[in-house]
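Reading through the structure tokens given below for one structure.
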Amino acid sequence: MTESKLTKAQLVAEAKALRQRVAELEAADIQRQRAEATLQVSETRYRRLFETAQDGILILDANTGRITDVNPFLMKMLGYSRSEFLGKRLWEIGSFKDIAAARAAFSELQSSGYIRYEDLPLEASDGRRLNVEFVSNVYWVDQQRVIQCNIRDISARKQAEVALSQSLAELQERNEELDAFAHTVAHDLKNPTFVISGHAQLLIRDYMALSDEERQRDVKVIEQAGHRISTIIDELLLLARLRKSEVETSPLDMVRIVAESINRLADNIKAVRAEIVWPDAPAWPMALGHGPWVEEVWTNYLSNALKYGATPLAAPRIELGAALQPDGLVYCWVRDHGPGLTPEEQSSLFTPFTRLDQVHLKGHGLGLSIVRRIVEKLGGQVGLKSQVGEGSTFYFALPAAQ
């Protein structure tokens, strides 16, 4: 009896233990199913992110460096198919042309577990140049080390940075130019204003004591100074228009334009007894430009030649001309036989709003700055050739008319 009761008790205990074990297994299976479901959701989420990411992603075997996976965005970015990526090493793909650098980066990645390049140049399969941000790190997946490379196209950002840098440089140049411009204009206006004020005061104070000839002389000086101020204002207005205006170029009647410039300076030419030598009409090649602007160029060049082209022993002799060059430009020039310019003086010409000599040479600053702006806006170029003691040749070149 006792043995039977013990056996029955043991059977009850074993049955109870068995039921508990089954419950534990069922709970473990439920937990496993939940874990698998969670893992499946996680893998699905990861795959969805991998497939739809707006950055390029590469997965590599950390031991061999061979690519095991690539997302669609990178295939589209670089123009290679999936099969052209899989099984390859980075340096075996055309985009990573610097083999030595790619090998070195892989070695560094294996040792440090992380690598980042802020600006890595790549080349797409069609030859497009790309700038990318390249970040790579090593991590473990199922007891296996893998490398994930994230590649972000920053070409647009680089272009924006370059454009911003250029804009800042242009803005700084404009600010410096504005400062120099204000200084030049103030200097140009100060002298004739001082002349007008001085002679007006002289007339007011000593009018009765002055002879008619002296009064006429002072009035003439005031008139000339007023004319100079008017000219400066006209130049400023022209400069303002140059900044905003766009014109269509057309074939130029250069003979008429030169004649108008000479006529505008007739009083100056007569005052210094200058000789102007220029060719007959058939000798002028046809250039493209905007007549009123080109007339300003000739007038500025001629005016400077009249001021600086004389020598102590002779009146100015100024030669004008033009020639078609093999580069497709018509070169026009004004040549004087004055004292010429040193290399240092030449280097400062045509720079916006600078002068040769603030005391002795007046007029180069604003005029030649306008010349440069006009000609460059018309698609041409300006320059000079000069040697001390042998005079100067100022030229401008415009596209030839077909």
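In the structure tokens, the first chain shown is A, the next is B, and so on; residue numbers restart at 1 for each chain, and ligands run from 1 in the order shown.
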
Do you know which residues are at most 10 Å from Gln224 in chain A counting only C-alpha atoms, after dropping those on the same chain fewer than 6 positions away, and could you put them as a ChimeraX atom specification? /A:192,195-196,218,230

Non-local contacts of range 311-313 of chain A (9 Å; only C-alpha atoms; under 6 positions in same chain excluded) as a PDB file with N, CA and C atoms, in the first residue's frame:
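Result file part.pdb:
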ATOM      1  N   HIS A 337      53.378 110.888 -77.900  1.00  0.00           N
ATOM      2  CA  HIS A 337      54.848 110.898 -77.867  1.00  0.00           C
ATOM      3  C   HIS A 337      55.341 111.683 -76.657  1.00  0.00           C
ATOM      4  N   GLY A 338      54.599 111.487 -75.553  1.00  0.00           N
ATOM      5  CA  GLY A 338      54.939 112.182 -74.320  1.00  0.00           C
ATOM      6  C   GLY A 338      56.027 111.475 -73.536  1.00  0.00           C
ATOM      7  N   PRO A 339      56.090 111.741 -72.225  1.00  0.00           N
ATOM      8  CA  PRO A 339      57.167 111.194 -71.396  1.00  0.00           C
ATOM      9  C   PRO A 339      57.050 109.706 -71.127  1.00  0.00           C
TER      10      PRO A 339
END

Selection near Ala315 in chain A, 12 Å with only C-alpha atoms, sequence-local residues under 2 positions removed, as a PyMOL selection string: chain A and resi 269-276+305-313+317-318+336-338

Can you tell me, as a PyMOL selection string, which residues in range 156-315 of chain A count as strand (DSSP E) by DSSP? chain A and resi 250-251+275-277+288-289

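DSSP secondary structure from the backbone places Leu302, Ser303, Asn304, Ala305, Leu306, Lys307, Tyr308 and Pro343 of chain A of range 302-343 of chain A in helix (DSSP H, G or I).
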
Hey, can you spit out that residue selection with C-alpha atoms as a tab-separated table (two decimals), in the first residue's frame?
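Saved the output as part-v4.tsv:
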chain	number	residue	atom	x	y	z
A	302	LEU	CA	42.17	111.55	-76.51
A	303	SER	CA	41.68	113.77	-73.46
A	304	ASN	CA	44.46	111.98	-71.57
A	305	ALA	CA	46.77	112.14	-74.59
A	306	LEU	CA	46.20	115.90	-74.83
A	307	LYS	CA	47.02	116.31	-71.13
A	308	TYR	CA	50.04	114.02	-70.90
A	343	PRO	CA	55.97	99.92	-65.09

Excluding same-chain residues fewer than 6 positions from range 59-73 of chain A, what lies within 9 Å of it counting only C-alpha atoms, as a VMD selection string? chain A and resid 50 to 53 81 to 82 85 to 90 106 109 to 110 138 to 139 144 to 149

Counting only C-alpha atoms, what is within 10 Å of Val375 in chain A, bar same-chain residues fewer than 6 positions away, as a PDB file with C-alpha atoms, in the first residue's frame?
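Saved to selection15.pdb:
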ATOM      1  CA  GLY A 289      29.810  97.955 -80.135  1.00  0.00           C
ATOM      2  CA  HIS A 290      27.486 100.681 -78.913  1.00  0.00           C
ATOM      3  CA  TRP A 293      29.757 104.286 -75.281  1.00  0.00           C
ATOM      4  CA  VAL A 294      32.619 103.859 -77.749  1.00  0.00           C
ATOM      5  CA  VAL A 297      36.212 105.652 -74.817  1.00  0.00           C
ATOM      6  CA  GLN A 381      39.482  94.426 -73.454  1.00  0.00           C
ATOM      7  CA  VAL A 382      41.678  97.426 -72.675  1.00  0.00           C
ATOM      8  CA  PHE A 396      40.922  98.933 -76.652  1.00  0.00           C
ATOM      9  CA  ALA A 397      39.744  95.880 -78.555  1.00  0.00           C
ATOM     10  CA  LEU A 398      36.215  95.050 -79.668  1.00  0.00           C
TER      11      LEU A 398
END

Fewer than 5 positions away in the same chain doesn't count, so skip those; otherwise give me all residues within 8 Å of Arg116 in chain A, counting only C-alpha atoms, as a ChimeraX atom specification. /A:133-136

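Comparing the minimum interatomic distances between Arg372 in chain A and each of A:Glu296, A:Asp327, A:Asp153, A:Glu161, counting only C-alpha atoms, we find that A:Glu296 sits nearest.
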
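Nearest-residue note for Arg157 in chain A: choosing from A:Asn131, A:Gln54, A:Ser386, A:Gln216, the minimum distance belongs to A:Asn131, counting only C-alpha atoms.
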
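The gap separating CA of Val330 in chain A from CA of Val247 in chain A is 19.1 Å, in Å to one decimal.
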
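Neighbours of Pro121 in chain A closer than or equal to 8 Å, with only C-alpha atoms counted and sequence neighbours fewer than 3 positions away skipped, come out as Arg129, Leu130, Asn131 and Val132 of chain A.
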
Go ahead and write the selection's residues with N, CA and C atoms as a PDB file, in the first residue's frame.
ATOM      1  N   ARG A 129      31.318  64.632 -62.434  1.00  0.00           N
ATOM      2  CA  ARG A 129      32.115  64.790 -61.216  1.00  0.00           C
ATOM      3  C   ARG A 129      31.195  65.096 -60.044  1.00  0.00           C
ATOM      4  N   LEU A 130      31.347  64.324 -58.968  1.00  0.00           N
ATOM      5  CA  LEU A 130      30.518  64.513 -57.783  1.00  0.00           C
ATOM      6  C   LEU A 130      31.393  64.802 -56.575  1.00  0.00           C
ATOM      7  N   ASN A 131      30.873  65.611 -55.676  1.00  0.00           N
ATOM      8  CA  ASN A 131      31.490  65.801 -54.369  1.00  0.00           C
ATOM      9  C   ASN A 131      30.584  65.140 -53.344  1.00  0.00           C
ATOM     10  N   VAL A 132      31.152  64.229 -52.530  1.00  0.00           N
ATOM     11  CA  VAL A 132      30.335  63.501 -51.574  1.00  0.00           C
ATOM     12  C   VAL A 132      30.936  63.588 -50.175  1.00  0.00           C
TER      13      VAL A 132
END
